[in-house]
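A.B. asks: One structure, as structure tokens, below. Some questions next.
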Amino acid sequence: MSYLSFSSLDNIAIPKFFSSDKIAHFLLYFILECLFCLPLRFYSNGFKLASLSAFLFGGLTELIQHYYIVNRVGNWGDFIANTLGIIAALYFLKRKMK
């Protein structure tokens, strides 16, 4: 995920169907949130810590792309897709763990 986020994407073929970029962001951050939550689920604030970590990673990734990566631009749409993936994973995990 970090490789895809921080590479310039010059030699990577990206599918060109409707909103493929946003779907990829949503799915990657859904998976990231699940991976962060699973080991922390037994702590009282584990889900909050996992969500905050994923949220900060998503925000910092967009900022780094915008300011420091050649041929990349961080944008609000990607950040929103990241956040929605995090929220969906949190909702999914909380329902599964009841």
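Naming works like this for the structure tokens: A, B, ... for the chains as they're shown, residue 1 at the start of each chain, ligands 1 onward in shown order.
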Could you list, as an mmCIF file with all heavy atoms, in the first residue's frame, every residue within 8 Å of Asp21 in chain A, counting only C-alpha atoms and ignoring same-chain residues fewer than 3 positions away?
C.D. replies:
data_model
loop_
_atom_site.group_PDB
_atom_site.id
_atom_site.type_symbol
_atom_site.label_atom_id
_atom_site.label_comp_id
_atom_site.auth_asym_id
_atom_site.auth_seq_id
_atom_site.Cartn_x
_atom_site.Cartn_y
_atom_site.Cartn_z
ATOM 1 N N ALA A 24 -10.572 1.694 -5.290
ATOM 2 C CA ALA A 24 -9.310 1.158 -4.773
ATOM 3 C C ALA A 24 -8.971 1.789 -3.423
ATOM 4 O O ALA A 24 -8.564 1.087 -2.486
ATOM 5 C CB ALA A 24 -8.182 1.395 -5.774
ATOM 6 N N HIS A 25 -9.129 3.105 -3.314
ATOM 7 C CA HIS A 25 -8.873 3.777 -2.032
ATOM 8 C C HIS A 25 -9.784 3.222 -0.945
ATOM 9 O O HIS A 25 -9.335 2.917 0.166
ATOM 10 C CB HIS A 25 -9.081 5.288 -2.159
ATOM 11 C CG HIS A 25 -7.910 5.996 -2.726
ATOM 12 N ND1 HIS A 25 -6.942 6.575 -1.947
ATOM 13 C CD2 HIS A 25 -7.550 6.230 -4.001
ATOM 14 C CE1 HIS A 25 -6.031 7.127 -2.718
ATOM 15 N NE2 HIS A 25 -6.379 6.927 -3.978
ATOM 16 N N ASP A 78 -9.902 11.387 -2.828
ATOM 17 C CA ASP A 78 -9.179 10.209 -2.342
ATOM 18 C C ASP A 78 -9.249 10.127 -0.814
ATOM 19 O O ASP A 78 -9.453 9.056 -0.250
ATOM 20 C CB ASP A 78 -7.722 10.241 -2.782
ATOM 21 C CG ASP A 78 -7.547 10.044 -4.276
ATOM 22 O OD1 ASP A 78 -8.523 9.650 -4.949
ATOM 23 O OD2 ASP A 78 -6.434 10.292 -4.772
#
A.B. asks: Can you list, as a PyMOL selection string, all residues belonging to chain A that DSSP tags as alpha helix (DSSP H)?
C.D. replies: chain A and resi 2-6+20-40+46-68+76-96
A.B. asks: List as a list of chain:residue names the protein and nucleic acid residues near range 65-70 of chain A, meaning an atom at most 8 Å away when only C-alpha atoms are counted, but skip any in the same chain fewer than 2 places from it.
C.D. replies: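 After dropping sequence-adjacent residues, the list is A:Ser5, A:Phe6, A:Ser7, A:Ser8, A:Thr61, A:Glu62, A:Leu63, A:Arg72, A:Val73, A:Gly74, A:Asn75.
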A.B. asks: Excluding Glu33 in chain A and its own-chain neighbours fewer than 5 positions away, which residues fall within 10 Å of it when counting only C-alpha atoms? Please give them as a list in words.
C.D. replies: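 Counting only the stated atoms, we get Leu27, Leu28, Leu38, Phe47, Ala50, Ser51, Leu52, Ser53, Ala54, Phe55, Asn82, Thr83, Gly85, Ile86, Ile87, Ala88, Ala89, Leu90 and Leu93 of chain A.
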A.B. asks: Can I get the selection written as a compact mmCIF listing (two decimals), in the first residue's frame, with N, CA and C atoms?
C.D. replies:
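After the write, result-v8.txt holds the following:
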# COMPACT_ATOMS: atom_id res chain seq x y z
N LEU A 27 -11.35 0.29 -0.76
CA LEU A 27 -11.02 -1.09 -0.41
C LEU A 27 -9.71 -1.21 0.37
N LEU A 28 -8.70 -0.45 -0.06
CA LEU A 28 -7.41 -0.52 0.64
C LEU A 28 -7.52 -0.04 2.08
N LEU A 38 -7.94 -5.66 14.30
CA LEU A 38 -7.92 -7.03 14.81
C LEU A 38 -6.99 -7.23 16.01
N PHE A 47 -10.32 0.20 19.01
CA PHE A 47 -10.92 0.61 17.75
C PHE A 47 -10.68 2.09 17.47
N ALA A 50 -7.01 2.42 16.38
CA ALA A 50 -6.84 1.90 15.02
C ALA A 50 -7.43 2.86 14.00
N SER A 51 -8.61 3.38 14.27
CA SER A 51 -9.26 4.30 13.34
C SER A 51 -8.48 5.60 13.21
N LEU A 52 -8.01 6.13 14.31
CA LEU A 52 -7.21 7.35 14.27
C LEU A 52 -5.92 7.13 13.50
N SER A 53 -5.29 5.99 13.71
CA SER A 53 -4.04 5.69 12.98
C SER A 53 -4.27 5.58 11.49
N ALA A 54 -5.33 4.89 11.08
CA ALA A 54 -5.64 4.75 9.66
C ALA A 54 -6.02 6.09 9.05
N PHE A 55 -6.79 6.89 9.79
CA PHE A 55 -7.21 8.22 9.33
C PHE A 55 -5.99 9.13 9.13
N ASN A 82 -10.83 7.17 1.39
CA ASN A 82 -10.07 6.53 2.47
C ASN A 82 -10.91 6.50 3.75
N THR A 83 -11.46 7.64 4.09
CA THR A 83 -12.23 7.77 5.32
C THR A 83 -13.48 6.89 5.29
N GLY A 85 -13.82 4.12 3.66
CA GLY A 85 -13.35 2.74 3.83
C GLY A 85 -13.09 2.42 5.29
N ILE A 86 -12.52 3.37 6.02
CA ILE A 86 -12.25 3.20 7.45
C ILE A 86 -13.56 3.06 8.22
N ILE A 87 -14.52 3.93 7.94
CA ILE A 87 -15.81 3.91 8.62
C ILE A 87 -16.56 2.61 8.33
N ALA A 88 -16.54 2.18 7.07
CA ALA A 88 -17.22 0.94 6.69
C ALA A 88 -16.61 -0.26 7.41
N ALA A 89 -15.29 -0.31 7.49
CA ALA A 89 -14.62 -1.41 8.18
C ALA A 89 -14.96 -1.39 9.67
N LEU A 90 -14.98 -0.23 10.26
CA LEU A 90 -15.30 -0.11 11.67
C LEU A 90 -16.72 -0.60 11.93
N LEU A 93 -16.76 -4.47 11.46
CA LEU A 93 -16.12 -5.19 12.56
C LEU A 93 -16.95 -5.13 13.83
A.B. asks: Go through A:Gly59, A:Cys37, A:Ser2, A:Met97 one by one, measure the shortest atom-to-atom distance of each to Ala81 in chain A using only C-alpha atoms, and give the residue with the smallest value.
C.D. replies: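 That would be A:Gly59, the residue with the smallest distance to Ala81 in chain A.
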A.B. asks: To one decimal in Å, tell me the separation between CA of Phe36 in chain A and CA of Leu49 in chain A.
C.D. replies: 8.6 Å
A.B. asks: What separation in Å, quoted to one decimal, exists between CA of Lys48 in chain A and CA of Leu4 in chain A?
C.D. replies: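 Computing it gives 25.8 Å between the two atoms.
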A.B. asks: How many Å separate CA of Ser19 in chain A from CA of Asn71 in chain A?
C.D. replies: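 Between CA of Ser19 in chain A and CA of Asn71 in chain A the gap works out to 19.3 Å.
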